[in-house]
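Coordinates as given in model.cif (mmCIF, C-alpha atoms (C1' of nucleotides)):
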```cif
data_entry
loop_
_atom_site.group_PDB
_atom_site.id
_atom_site.type_symbol
_atom_site.label_atom_id
_atom_site.label_comp_id
_atom_site.auth_asym_id
_atom_site.auth_seq_id
_atom_site.Cartn_x
_atom_site.Cartn_y
_atom_site.Cartn_z
ATOM 1 C CA MET L 130 14.056 23.084 7.942
ATOM 2 C CA ALA L 131 17.252 21.565 6.633
ATOM 3 C CA ARG L 132 19.882 20.573 9.113
ATOM 4 C CA GLN L 133 22.782 22.899 9.762
ATOM 5 C CA ARG L 134 25.333 20.804 11.631
ATOM 6 C CA HIS L 135 27.091 17.559 10.987
ATOM 7 C CA THR L 136 26.694 15.184 13.872
ATOM 8 C CA ARG L 137 28.066 11.757 14.679
ATOM 9 C CA GLN L 138 24.589 10.300 14.871
ATOM 10 C CA ARG L 139 23.539 11.576 11.489
ATOM 11 C CA ALA L 140 26.745 10.259 9.960
ATOM 12 C CA ALA L 141 26.182 6.860 11.575
ATOM 13 C CA ILE L 142 22.647 6.683 10.214
ATOM 14 C CA GLU L 143 23.725 7.575 6.713
ATOM 15 C CA ALA L 144 26.555 5.078 6.884
ATOM 16 C CA ALA L 145 24.207 2.331 8.014
ATOM 17 C CA LEU L 146 21.927 3.049 5.081
ATOM 18 C CA ALA L 147 24.796 3.103 2.621
ATOM 19 C CA ALA L 148 26.182 -0.162 3.964
ATOM 20 C CA SER L 149 22.924 -2.073 3.820
ATOM 21 C CA ALA L 150 21.995 -4.228 0.869
ATOM 22 C CA HIS L 151 18.313 -4.119 1.678
ATOM 23 C CA PRO L 152 15.731 -1.584 2.837
ATOM 24 C CA MET L 153 15.730 -1.121 6.597
ATOM 25 C CA SER L 154 13.077 -0.464 9.173
ATOM 26 C CA PRO L 155 13.668 2.394 11.620
ATOM 27 C CA GLU L 156 14.501 -0.195 14.300
ATOM 28 C CA GLN L 157 16.978 -2.006 12.101
ATOM 29 C CA LEU L 158 18.533 1.307 11.236
ATOM 30 C CA ARG L 159 18.910 2.244 14.868
ATOM 31 C CA THR L 160 20.437 -1.124 15.720
ATOM 32 C CA ARG L 161 23.048 -0.778 12.980
ATOM 33 C CA ALA L 162 23.864 2.836 13.735
ATOM 34 C CA LYS L 163 24.222 2.013 17.415
ATOM 35 C CA ASP L 164 27.383 0.092 16.579
ATOM 36 C CA THR L 165 28.895 3.518 16.009
ATOM 37 C CA VAL L 166 26.856 5.683 18.369
ATOM 38 C CA PRO L 167 25.642 3.498 21.260
ATOM 39 C CA GLY L 168 23.282 5.995 22.840
ATOM 40 C CA LEU L 169 21.392 6.733 19.639
ATOM 41 C CA GLY L 170 17.736 7.469 20.285
ATOM 42 C CA MET L 171 14.726 6.589 18.186
ATOM 43 C CA ALA L 172 13.698 10.217 17.853
ATOM 44 C CA THR L 173 16.977 10.966 16.121
ATOM 45 C CA VAL L 174 16.483 8.094 13.723
ATOM 46 C CA TYR L 175 13.007 9.320 12.815
ATOM 47 C CA ARG L 176 14.274 12.873 12.422
ATOM 48 C CA ALA L 177 17.002 11.675 10.101
ATOM 49 C CA ILE L 178 14.507 9.658 8.084
ATOM 50 C CA ARG L 179 12.241 12.659 7.769
ATOM 51 C CA ASP L 180 14.998 15.042 6.752
ATOM 52 C CA LEU L 181 16.699 12.671 4.329
ATOM 53 C CA THR L 182 13.379 11.887 2.710
ATOM 54 C CA GLU L 183 12.627 15.588 2.302
ATOM 55 C CA GLU L 184 16.041 16.096 0.743
ATOM 56 C CA GLY L 185 15.262 13.309 -1.684
ATOM 57 C CA ALA L 186 18.159 11.175 -0.488
ATOM 58 C CA LEU L 187 15.952 8.491 1.006
ATOM 59 C CA THR L 188 13.057 6.509 -0.410
ATOM 60 C CA ALA L 189 10.314 4.875 1.606
ATOM 61 C CA VAL L 190 9.567 1.277 0.655
ATOM 62 C CA GLU L 191 5.977 0.521 1.515
ATOM 63 C CA LEU L 192 5.137 -3.147 1.845
ATOM 64 C CA PRO L 193 1.714 -4.632 2.449
ATOM 65 C CA GLY L 194 0.909 -5.070 6.116
ATOM 66 C CA ALA L 195 4.189 -3.691 7.398
ATOM 67 C CA PRO L 196 5.522 -0.284 8.388
ATOM 68 C CA PRO L 197 7.693 1.361 5.737
ATOM 69 C CA ARG L 198 11.341 0.537 5.311
ATOM 70 C CA TYR L 199 13.893 2.875 3.859
ATOM 71 C CA GLU L 200 16.602 2.734 1.230
ATOM 72 C CA LEU L 201 18.865 5.312 -0.327
ATOM 73 C CA ALA L 202 17.307 6.938 -3.359
ATOM 74 C CA GLY L 203 18.625 6.760 -6.889
ATOM 75 C CA ARG L 204 18.725 3.035 -7.377
ATOM 76 C CA GLY L 205 16.384 3.105 -10.331
ATOM 77 C CA HIS L 206 13.213 1.153 -10.803
ATOM 78 C CA HIS L 207 13.158 -2.131 -8.928
ATOM 79 C CA HIS L 208 10.961 -4.266 -6.729
ATOM 80 C CA HIS L 209 11.287 -6.255 -3.511
ATOM 81 C CA PHE L 210 11.243 -9.744 -2.104
ATOM 82 C CA GLN L 211 10.179 -10.392 1.469
ATOM 83 C CA CYS L 212 11.183 -13.591 3.235
ATOM 84 C CA ARG L 213 8.272 -15.091 5.118
ATOM 85 C CA GLN L 214 10.709 -16.609 7.609
ATOM 86 C CA CYS L 215 13.154 -13.889 8.610
ATOM 87 C CA GLN L 216 10.955 -11.021 7.375
ATOM 88 C CA ARG L 217 13.899 -9.343 5.704
ATOM 89 C CA VAL L 218 13.335 -7.453 2.476
ATOM 90 C CA PHE L 219 15.614 -7.776 -0.534
ATOM 91 C CA GLU L 220 15.920 -5.871 -3.767
ATOM 92 C CA VAL L 221 14.752 -7.498 -6.980
ATOM 93 C CA ASP L 222 16.333 -6.158 -10.131
ATOM 94 C CA GLY L 223 13.860 -7.277 -12.749
ATOM 95 C CA CYS L 224 10.408 -5.983 -13.510
ATOM 96 C CA PRO L 225 7.465 -7.663 -15.218
ATOM 97 C CA GLY L 226 7.462 -4.765 -17.677
ATOM 98 C CA ASP L 227 4.477 -3.029 -19.149
ATOM 99 C CA LEU L 228 1.364 -3.734 -17.131
ATOM 100 C CA SER L 229 -0.998 -1.570 -19.126
ATOM 101 C CA ALA L 230 -2.333 -4.777 -20.673
ATOM 102 C CA ILE L 231 -3.955 -5.765 -17.406
ATOM 103 C CA THR L 232 -5.095 -2.257 -16.468
ATOM 104 C CA PRO L 233 -8.884 -1.936 -16.574
ATOM 105 C CA SER L 234 -10.039 0.118 -19.534
ATOM 106 C CA GLY L 235 -10.689 3.730 -18.711
ATOM 107 C CA PHE L 236 -8.119 3.696 -15.931
ATOM 108 C CA ALA L 237 -4.855 5.634 -16.156
ATOM 109 C CA LEU L 238 -1.888 3.583 -15.000
ATOM 110 C CA GLU L 239 0.856 5.680 -13.445
ATOM 111 C CA ARG L 240 3.035 3.249 -11.562
ATOM 112 C CA HIS L 241 3.093 -0.217 -10.085
ATOM 113 C CA GLU L 242 4.521 -2.187 -7.214
ATOM 114 C CA VAL L 243 5.475 -5.836 -7.290
ATOM 115 C CA VAL L 244 6.271 -7.726 -4.108
ATOM 116 C CA LEU L 245 7.555 -11.274 -4.153
ATOM 117 C CA TYR L 246 7.169 -13.539 -1.145
ATOM 118 C CA GLY L 247 8.880 -16.784 -0.260
ATOM 119 C CA LEU L 248 12.103 -17.865 1.362
ATOM 120 C CA CYS L 249 15.392 -16.074 1.030
ATOM 121 C CA GLU L 250 18.689 -17.707 0.227
ATOM 122 C CA GLU L 251 19.474 -18.198 3.910
ATOM 123 C CA CYS L 252 16.088 -19.509 4.957
ATOM 124 C CA VAL L 253 15.604 -22.002 2.111
ATOM 125 C CA PRO L 254 18.010 -24.588 3.621
ATOM 126 C CA ARG L 255 16.484 -24.271 7.081
ATOM 127 C CA ALA L 256 12.992 -24.800 5.683
ATOM 128 C CA VAL L 257 14.045 -27.990 3.934
ATOM 129 C CA MET L 258 15.357 -29.456 7.193
ATOM 130 C CA THR L 259 12.373 -28.474 9.325
ATOM 131 C CA PRO L 260 9.226 -30.169 8.014
ATOM 132 C CA MET G 236 -15.868 -19.875 18.493
ATOM 133 C CA ALA G 237 -18.090 -19.923 15.456
ATOM 134 C CA ARG G 238 -21.268 -17.927 15.607
ATOM 135 C CA GLN G 239 -24.519 -19.642 16.433
ATOM 136 C CA ARG G 240 -27.202 -17.148 15.633
ATOM 137 C CA HIS G 241 -28.185 -15.196 12.584
ATOM 138 C CA THR G 242 -28.392 -11.502 13.301
ATOM 139 C CA ARG G 243 -29.474 -8.523 11.274
ATOM 140 C CA GLN G 244 -26.068 -6.910 11.665
ATOM 141 C CA ARG G 245 -24.198 -9.953 10.451
ATOM 142 C CA ALA G 246 -26.529 -10.254 7.467
ATOM 143 C CA ALA G 247 -26.053 -6.567 6.658
ATOM 144 C CA ILE G 248 -22.292 -6.928 6.753
ATOM 145 C CA GLU G 249 -22.303 -9.969 4.500
ATOM 146 C CA ALA G 250 -24.678 -8.249 2.112
ATOM 147 C CA ALA G 251 -22.450 -5.196 1.940
ATOM 148 C CA LEU G 252 -19.488 -7.370 1.089
ATOM 149 C CA ALA G 253 -21.404 -9.284 -1.549
ATOM 150 C CA ALA G 254 -22.733 -6.104 -3.138
ATOM 151 C CA SER G 255 -19.362 -4.393 -3.379
ATOM 152 C CA ALA G 256 -17.294 -4.557 -6.522
ATOM 153 C CA HIS G 257 -14.108 -3.716 -4.662
ATOM 154 C CA PRO G 258 -12.383 -4.611 -1.407
ATOM 155 C CA MET G 259 -13.628 -2.576 1.520
ATOM 156 C CA SER G 260 -12.024 -1.134 4.617
ATOM 157 C CA PRO G 261 -13.735 -1.818 7.959
ATOM 158 C CA GLU G 262 -14.989 1.764 7.929
ATOM 159 C CA GLN G 263 -16.411 1.492 4.431
ATOM 160 C CA LEU G 264 -18.030 -1.754 5.413
ATOM 161 C CA ARG G 265 -19.651 -0.182 8.427
ATOM 162 C CA THR G 266 -20.891 2.772 6.393
ATOM 163 C CA ARG G 267 -22.531 0.475 3.840
ATOM 164 C CA ALA G 268 -24.027 -1.887 6.405
ATOM 165 C CA LYS G 269 -25.408 1.064 8.332
ATOM 166 C CA ASP G 270 -27.855 1.660 5.496
ATOM 167 C CA THR G 271 -29.552 -1.489 6.752
ATOM 168 C CA VAL G 272 -28.691 -1.414 10.451
ATOM 169 C CA PRO G 273 -28.181 2.215 11.499
ATOM 170 C CA GLY G 274 -26.795 1.584 14.963
ATOM 171 C CA LEU G 275 -24.099 -0.810 13.809
ATOM 172 C CA GLY G 276 -20.980 -0.544 15.944
ATOM 173 C CA MET G 277 -17.356 -0.912 14.895
ATOM 174 C CA ALA G 278 -16.789 -3.800 17.285
ATOM 175 C CA THR G 279 -19.410 -5.804 15.462
ATOM 176 C CA VAL G 280 -17.780 -5.095 12.133
ATOM 177 C CA TYR G 281 -14.398 -6.224 13.422
ATOM 178 C CA ARG G 282 -15.923 -9.345 14.975
ATOM 179 C CA ALA G 283 -17.614 -10.191 11.691
ATOM 180 C CA ILE G 284 -14.366 -9.685 9.816
ATOM 181 C CA ARG G 285 -12.537 -11.956 12.242
ATOM 182 C CA ASP G 286 -15.145 -14.702 12.123
ATOM 183 C CA LEU G 287 -15.638 -14.629 8.368
ATOM 184 C CA THR G 288 -11.900 -14.699 7.826
ATOM 185 C CA GLU G 289 -11.551 -17.706 10.141
ATOM 186 C CA GLU G 290 -14.334 -19.448 8.245
ATOM 187 C CA GLY G 291 -12.467 -18.786 5.035
ATOM 188 C CA ALA G 292 -15.282 -16.725 3.554
ATOM 189 C CA LEU G 293 -13.321 -13.485 3.635
ATOM 190 C CA THR G 294 -9.902 -12.561 2.313
ATOM 191 C CA ALA G 295 -7.751 -9.721 3.577
ATOM 192 C CA VAL G 296 -6.285 -7.507 0.878
ATOM 193 C CA GLU G 297 -3.094 -5.967 2.187
ATOM 194 C CA LEU G 298 -1.955 -2.884 0.339
ATOM 195 C CA PRO G 299 1.260 -0.983 0.946
ATOM 196 C CA GLY G 300 0.919 1.777 3.478
ATOM 197 C CA ALA G 301 -2.750 1.161 4.185
ATOM 198 C CA PRO G 302 -4.758 -0.936 6.602
ATOM 199 C CA PRO G 303 -6.153 -4.135 5.102
ATOM 200 C CA ARG G 304 -9.339 -4.194 3.092
ATOM 201 C CA TYR G 305 -11.559 -7.180 2.736
ATOM 202 C CA GLU G 306 -13.245 -9.020 -0.089
ATOM 203 C CA LEU G 307 -15.218 -12.238 -0.288
ATOM 204 C CA ALA G 308 -12.996 -15.240 -0.840
ATOM 205 C CA GLY G 309 -13.089 -17.513 -3.844
ATOM 206 C CA ARG G 310 -12.506 -14.998 -6.590
ATOM 207 C CA GLY G 311 -9.359 -16.687 -7.808
ATOM 208 C CA HIS G 312 -5.965 -15.119 -8.357
ATOM 209 C CA HIS G 313 -6.108 -11.435 -9.148
ATOM 210 C CA HIS G 314 -4.488 -8.153 -8.240
ATOM 211 C CA HIS G 315 -5.581 -4.634 -7.384
ATOM 212 C CA PHE G 316 -5.572 -1.082 -8.614
ATOM 213 C CA GLN G 317 -5.647 1.816 -6.189
ATOM 214 C CA CYS G 318 -6.751 5.249 -7.326
ATOM 215 C CA ARG G 319 -4.462 7.945 -6.020
ATOM 216 C CA GLN G 320 -7.340 10.392 -6.057
ATOM 217 C CA CYS G 321 -10.298 8.684 -4.417
ATOM 218 C CA GLN G 322 -8.200 5.990 -2.711
ATOM 219 C CA ARG G 323 -10.625 3.275 -3.767
ATOM 220 C CA VAL G 324 -9.279 -0.134 -4.633
ATOM 221 C CA PHE G 325 -10.408 -2.091 -7.688
ATOM 222 C CA GLU G 326 -9.903 -5.621 -8.830
ATOM 223 C CA VAL G 327 -7.572 -6.313 -11.719
ATOM 224 C CA ASP G 328 -8.194 -9.521 -13.577
ATOM 225 C CA GLY G 329 -4.872 -10.081 -15.298
ATOM 226 C CA CYS G 330 -1.571 -11.139 -13.867
ATOM 227 C CA PRO G 331 1.960 -10.573 -15.173
ATOM 228 C CA GLY G 332 2.415 -14.342 -15.025
ATOM 229 C CA ASP G 333 5.493 -16.228 -13.977
ATOM 230 C CA LEU G 334 7.822 -14.022 -11.984
ATOM 231 C CA SER G 335 10.429 -16.649 -11.238
ATOM 232 C CA ALA G 336 12.568 -15.037 -13.932
ATOM 233 C CA ILE G 337 13.142 -11.989 -11.767
ATOM 234 C CA THR G 338 13.480 -13.910 -8.487
ATOM 235 C CA PRO G 339 17.036 -13.746 -7.110
ATOM 236 C CA SER G 340 18.841 -17.043 -7.510
ATOM 237 C CA GLY G 341 18.732 -19.219 -4.417
ATOM 238 C CA PHE G 342 15.438 -17.714 -3.346
ATOM 239 C CA ALA G 343 12.212 -19.730 -3.297
ATOM 240 C CA LEU G 344 9.302 -17.808 -4.765
ATOM 241 C CA GLU G 345 5.966 -18.756 -3.243
ATOM 242 C CA ARG G 346 3.594 -15.967 -4.180
ATOM 243 C CA HIS G 347 3.485 -12.405 -5.407
ATOM 244 C CA GLU G 348 1.459 -9.263 -5.133
ATOM 245 C CA VAL G 349 1.042 -6.670 -7.837
ATOM 246 C CA VAL G 350 -0.500 -3.297 -7.100
ATOM 247 C CA LEU G 351 -1.260 -0.787 -9.817
ATOM 248 C CA TYR G 352 -1.588 2.902 -9.037
ATOM 249 C CA GLY G 353 -3.073 5.723 -11.035
ATOM 250 C CA LEU G 354 -6.482 7.203 -11.660
ATOM 251 C CA CYS G 355 -9.688 5.234 -11.827
ATOM 252 C CA GLU G 356 -12.313 5.596 -14.509
ATOM 253 C CA GLU G 357 -14.184 8.197 -12.492
ATOM 254 C CA CYS G 358 -11.176 10.267 -11.498
ATOM 255 C CA VAL G 359 -9.497 10.417 -14.918
ATOM 256 C CA PRO G 360 -11.928 13.044 -16.307
ATOM 257 C CA ARG G 361 -11.644 15.178 -13.195
ATOM 258 C CA ALA G 362 -7.861 15.112 -13.362
ATOM 259 C CA VAL G 363 -7.872 16.282 -16.971
ATOM 260 C CA MET G 364 -9.990 19.307 -16.077
ATOM 261 C CA THR G 365 -8.061 20.287 -12.956
ATOM 262 C CA PRO G 366 -4.449 21.119 -13.857
ATOM 263 C "C1'" DC A 131 -44.681 -16.966 23.626
ATOM 264 C "C1'" DC A 132 -40.578 -17.400 26.784
ATOM 265 C "C1'" DC A 133 -36.378 -17.646 28.329
ATOM 266 C "C1'" DA A 134 -31.439 -19.056 28.223
ATOM 267 C "C1'" DT A 135 -27.788 -17.139 26.327
ATOM 268 C "C1'" DA A 136 -25.346 -15.587 22.123
ATOM 269 C "C1'" DT A 137 -24.687 -11.111 20.227
ATOM 270 C "C1'" DT A 138 -24.467 -6.342 20.227
ATOM 271 C "C1'" DG A 139 -22.720 -1.478 21.026
ATOM 272 C "C1'" DA A 140 -20.648 2.329 23.677
ATOM 273 C "C1'" DG A 141 -16.940 3.080 25.762
ATOM 274 C "C1'" DT A 142 -12.477 1.838 27.381
ATOM 275 C "C1'" DG A 143 -8.041 -0.476 26.867
ATOM 276 C "C1'" DT A 144 -4.101 -2.046 24.206
ATOM 277 C "C1'" DT A 145 -0.535 -2.068 21.007
ATOM 278 C "C1'" DC A 146 2.396 -0.263 17.829
ATOM 279 C "C1'" DA A 147 4.616 3.336 15.158
ATOM 280 C "C1'" DT A 148 5.746 7.825 15.185
ATOM 281 C "C1'" DT A 149 6.129 12.599 16.999
ATOM 282 C "C1'" DC A 150 6.668 15.949 20.643
ATOM 283 C "C1'" DT A 151 8.838 18.124 24.848
ATOM 284 C "C1'" DC A 152 12.492 19.992 26.934
ATOM 285 C "C1'" DA A 153 16.659 19.719 29.513
ATOM 286 C "C1'" DT A 154 21.252 18.594 28.202
ATOM 287 C "C1'" DC A 155 24.878 18.198 24.931
ATOM 288 C "C1'" DA A 156 28.005 19.303 21.310
ATOM 289 C "C1'" DA A 157 29.096 21.674 16.372
ATOM 290 C "C1'" DC A 158 31.232 25.226 14.640
ATOM 291 C "C1'" DC A 159 32.129 30.227 14.024
ATOM 292 C "C1'" DC A 160 34.942 33.474 16.454
ATOM 293 C "C1'" DG H 290 38.654 27.795 24.303
ATOM 294 C "C1'" DG H 291 33.964 29.838 24.616
ATOM 295 C "C1'" DG H 292 29.524 30.838 23.624
ATOM 296 C "C1'" DT H 293 25.588 30.419 20.639
ATOM 297 C "C1'" DT H 294 22.182 27.578 19.318
ATOM 298 C "C1'" DG H 295 21.004 23.567 16.648
ATOM 299 C "C1'" DA H 296 20.858 18.582 17.622
ATOM 300 C "C1'" DT H 297 20.152 14.963 20.669
ATOM 301 C "C1'" DG H 298 17.859 11.532 23.859
ATOM 302 C "C1'" DA H 299 14.607 9.882 27.435
ATOM 303 C "C1'" DG H 300 10.299 9.725 28.184
ATOM 304 C "C1'" DA H 301 5.708 11.279 27.562
ATOM 305 C "C1'" DA H 302 2.190 12.172 24.152
ATOM 306 C "C1'" DT H 303 -0.263 11.238 20.108
ATOM 307 C "C1'" DG H 304 -2.928 8.741 16.645
ATOM 308 C "C1'" DA H 305 -4.625 4.892 14.286
ATOM 309 C "C1'" DA H 306 -6.347 0.350 14.185
ATOM 310 C "C1'" DC H 307 -8.276 -3.015 16.584
ATOM 311 C "C1'" DA H 308 -9.669 -5.883 20.836
ATOM 312 C "C1'" DC H 309 -11.920 -6.147 25.282
ATOM 313 C "C1'" DT H 310 -15.728 -5.266 28.936
ATOM 314 C "C1'" DC H 311 -20.142 -5.607 30.338
ATOM 315 C "C1'" DA H 312 -24.867 -4.208 30.609
ATOM 316 C "C1'" DA H 313 -28.655 -4.332 27.445
ATOM 317 C "C1'" DT H 314 -30.766 -6.606 23.585
ATOM 318 C "C1'" DA H 315 -32.476 -10.001 20.437
ATOM 319 C "C1'" DT H 316 -32.326 -14.858 18.551
ATOM 320 C "C1'" DG H 317 -34.405 -19.209 18.115
ATOM 321 C "C1'" DG H 318 -35.230 -23.819 20.376
ATOM 322 C "C1'" DG H 319 -38.754 -25.514 23.297
#
```
Is it possible to give me this structure as structure tokens?
Amino acid sequence: MARQRHTRQRAAIEAALAASAHPMSPEQLRTRAKDTVPGLGMATVYRAIRDLTEEGALTAVELPGAPPRYELAGRGHHHHFQCRQCQRVFEVDGCPGDLSAITPSGFALERHEVVLYGLCEECVPRAVMTP
Amino acid sequence: MARQRHTRQRAAIEAALAASAHPMSPEQLRTRAKDTVPGLGMATVYRAIRDLTEEGALTAVELPGAPPRYELAGRGHHHHFQCRQCQRVFEVDGCPGDLSAITPSGFALERHEVVLYGLCEECVPRAVMTP
DNA sequence: CCCATATTGAGTGTTCATTCTCATCAACCC
DNA sequence: GGGTTGATGAGAATGAACACTCAATATGGG
């Protein structure tokens, strides 16, 4: 059922999501929201994720080999970049475009995911120094 | 340590991998190999996967939101198509090509994954009939 | 063929992510 | 301000994927 009361914890979770530039794991979300509501429990974070997703306000970002991360919905079509060093996930604005050319014949293409891997802006310098 | 003896179960697992046109989950692998070795246990499948991967003969295919599947190594760069109906994963030969154009500036792109979703050859007809 | 021992398989353990339980707390209508 | 009751939080419970244990089995060199 939809929630009926406004609580500090729910507000903190939504604020953390709105403030973040990249999709967040439930743990990351809790850590951020704890700045506002120190006692915040994991169960509350998961409840918020469930409810917001049902409302359509939150989108799950599924990456290979990792639990889903979450970002606010309505950002339009985009992809993600995961840093192999810090593990953080960033948004990528572009898109390779129409992939029907590489779709096997007889198959119906409905959507696609592209994930880029490498080093993020912050980890590139560190990698150069450490051979 | 590397294995030292040839066993029926190991042979059955390797044969199942070689015979399959698409990456297989550990469960699928066990089901196929059981045709040859009925009593095959999961532990043996997981041990085979570990050993073959260490030897470089097996590659893990990580798909978003699903446990890894495995395919024999040495097939060259390619991507995958997952059917939303039967959940099977197929190989896709093409590749969108150079994605450095959409990589955020300052980031170092090392590799990419592309996953296509939709209906496979077998599920397309069924979907048309069932509205 | 025999036997030392690598390998197997059934069951148990572990780990991780997520959900549930329920007593306590706090929104919000009055 | 008080009371109703929905929301929270700590911890236990669940579920999935995979690794470990160990007695029984089977491989392959001699």
Find the residues of chain L that sit at most 7 Å from chain G; for each, write down the nearest two atoms and how far apart they are in Å, to one decimal. Count only C-alpha atoms. Sort by chain, then by number going up, and give it as JSON lines.
```
{"residue": "L:Glu191", "atom": "CA", "partner": "G:Pro299", "partner_atom": "CA", "distance": 5.0}
{"residue": "L:Leu192", "atom": "CA", "partner": "G:Pro299", "partner_atom": "CA", "distance": 4.5}
{"residue": "L:Pro193", "atom": "CA", "partner": "G:Pro299", "partner_atom": "CA", "distance": 4.0}
{"residue": "L:Gly194", "atom": "CA", "partner": "G:Glu297", "partner_atom": "CA", "distance": 5.7}
{"residue": "L:Val221", "atom": "CA", "partner": "G:Pro339", "partner_atom": "CA", "distance": 6.7}
{"residue": "L:Asp222", "atom": "CA", "partner": "G:Ile337", "partner_atom": "CA", "distance": 6.8}
{"residue": "L:Gly223", "atom": "CA", "partner": "G:Ile337", "partner_atom": "CA", "distance": 4.9}
{"residue": "L:Cys224", "atom": "CA", "partner": "G:Ile337", "partner_atom": "CA", "distance": 6.8}
{"residue": "L:Pro225", "atom": "CA", "partner": "G:Pro331", "partner_atom": "CA", "distance": 6.2}
{"residue": "L:Ile231", "atom": "CA", "partner": "G:Gly329", "partner_atom": "CA", "distance": 4.9}
{"residue": "L:Thr232", "atom": "CA", "partner": "G:Val327", "partner_atom": "CA", "distance": 6.7}
{"residue": "L:Pro233", "atom": "CA", "partner": "G:Val327", "partner_atom": "CA", "distance": 6.7}
{"residue": "L:Gly235", "atom": "CA", "partner": "G:Glu356", "partner_atom": "CA", "distance": 4.9}
{"residue": "L:Phe236", "atom": "CA", "partner": "G:Cys355", "partner_atom": "CA", "distance": 4.7}
{"residue": "L:Ala237", "atom": "CA", "partner": "G:Leu354", "partner_atom": "CA", "distance": 5.0}
{"residue": "L:Leu238", "atom": "CA", "partner": "G:Gly353", "partner_atom": "CA", "distance": 4.7}
{"residue": "L:Glu239", "atom": "CA", "partner": "G:Gly353", "partner_atom": "CA", "distance": 4.6}
{"residue": "L:Arg240", "atom": "CA", "partner": "G:Tyr352", "partner_atom": "CA", "distance": 5.3}
{"residue": "L:His241", "atom": "CA", "partner": "G:Leu351", "partner_atom": "CA", "distance": 4.4}
{"residue": "L:Glu242", "atom": "CA", "partner": "G:Val350", "partner_atom": "CA", "distance": 5.1}
{"residue": "L:Val243", "atom": "CA", "partner": "G:Val349", "partner_atom": "CA", "distance": 4.5}
{"residue": "L:Val244", "atom": "CA", "partner": "G:Glu348", "partner_atom": "CA", "distance": 5.2}
{"residue": "L:Leu245", "atom": "CA", "partner": "G:His347", "partner_atom": "CA", "distance": 4.4}
{"residue": "L:Tyr246", "atom": "CA", "partner": "G:Arg346", "partner_atom": "CA", "distance": 5.3}
{"residue": "L:Gly247", "atom": "CA", "partner": "G:Glu345", "partner_atom": "CA", "distance": 4.6}
{"residue": "L:Leu248", "atom": "CA", "partner": "G:Ala343", "partner_atom": "CA", "distance": 5.0}
{"residue": "L:Cys249", "atom": "CA", "partner": "G:Phe342", "partner_atom": "CA", "distance": 4.7}
{"residue": "L:Glu250", "atom": "CA", "partner": "G:Phe342", "partner_atom": "CA", "distance": 4.8}
{"residue": "L:Val253", "atom": "CA", "partner": "G:Ala343", "partner_atom": "CA", "distance": 6.8}
```
Could you name the residues that touch stretch 178-180 of chain L at 7 Å or less, counting only C-alpha atoms (C1' of nucleotides), but leaving out those on the same chain fewer than 4 positions away, as an MDAnalysis selection string?
chainID L and resid 131 174 184
Hey, which bits of chain A sit within 12 Å of chain L, and for each residue what's the closest pair of atoms and how far apart in Å (one decimal), counting all atoms listed in the file, rows by chain and increasing number, as a Markdown table?
```
| residue | atom | partner | partner_atom | distance |
| --- | --- | --- | --- | --- |
| A:DC146 | C1' | L:Pro196 | CA | 9.9 |
| A:DA147 | C1' | L:Pro196 | CA | 7.7 |
| A:DT148 | C1' | L:Tyr175 | CA | 7.8 |
| A:DT149 | C1' | L:Ala172 | CA | 8.0 |
| A:DC150 | C1' | L:Ala172 | CA | 9.5 |
| A:DT151 | C1' | L:Ala172 | CA | 11.6 |
| A:DC155 | C1' | L:Thr136 | CA | 11.6 |
| A:DA156 | C1' | L:Thr136 | CA | 8.6 |
| A:DA157 | C1' | L:Arg134 | CA | 6.1 |
| A:DC158 | C1' | L:Arg134 | CA | 8.0 |
| A:DC159 | C1' | L:Arg134 | CA | 11.9 |
```
Output the residue selection produced by the PyMOL selection byres ((chain L and resi 169) around 12) on the file above, formatted as a JSON list (two decimals) with C-alpha atoms (C1' of nucleotides), in the frame of the given file.
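So the final result, stored in part14.json, reads:
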```json
[["chain", "number", "residue", "atom", "x", "y", "z"],
["L", 136, "THR", "CA", 26.69, 15.18, 13.87],
["L", 137, "ARG", "CA", 28.07, 11.76, 14.68],
["L", 138, "GLN", "CA", 24.59, 10.30, 14.87],
["L", 139, "ARG", "CA", 23.54, 11.58, 11.49],
["L", 140, "ALA", "CA", 26.74, 10.26, 9.96],
["L", 141, "ALA", "CA", 26.18, 6.86, 11.58],
["L", 142, "ILE", "CA", 22.65, 6.68, 10.21],
["L", 155, "PRO", "CA", 13.67, 2.39, 11.62],
["L", 156, "GLU", "CA", 14.50, -0.20, 14.30],
["L", 158, "LEU", "CA", 18.53, 1.31, 11.24],
["L", 159, "ARG", "CA", 18.91, 2.24, 14.87],
["L", 160, "THR", "CA", 20.44, -1.12, 15.72],
["L", 161, "ARG", "CA", 23.05, -0.78, 12.98],
["L", 162, "ALA", "CA", 23.86, 2.84, 13.74],
["L", 163, "LYS", "CA", 24.22, 2.01, 17.42],
["L", 164, "ASP", "CA", 27.38, 0.09, 16.58],
["L", 165, "THR", "CA", 28.90, 3.52, 16.01],
["L", 166, "VAL", "CA", 26.86, 5.68, 18.37],
["L", 167, "PRO", "CA", 25.64, 3.50, 21.26],
["L", 168, "GLY", "CA", 23.28, 6.00, 22.84],
["L", 170, "GLY", "CA", 17.74, 7.47, 20.28],
["L", 171, "MET", "CA", 14.73, 6.59, 18.19],
["L", 172, "ALA", "CA", 13.70, 10.22, 17.85],
["L", 173, "THR", "CA", 16.98, 10.97, 16.12],
["L", 174, "VAL", "CA", 16.48, 8.09, 13.72],
["L", 175, "TYR", "CA", 13.01, 9.32, 12.82],
["L", 176, "ARG", "CA", 14.27, 12.87, 12.42],
["L", 177, "ALA", "CA", 17.00, 11.68, 10.10],
["H", 297, "DT", "C1'", 20.15, 14.96, 20.67],
["H", 298, "DG", "C1'", 17.86, 11.53, 23.86],
["H", 299, "DA", "C1'", 14.61, 9.88, 27.44]]
```
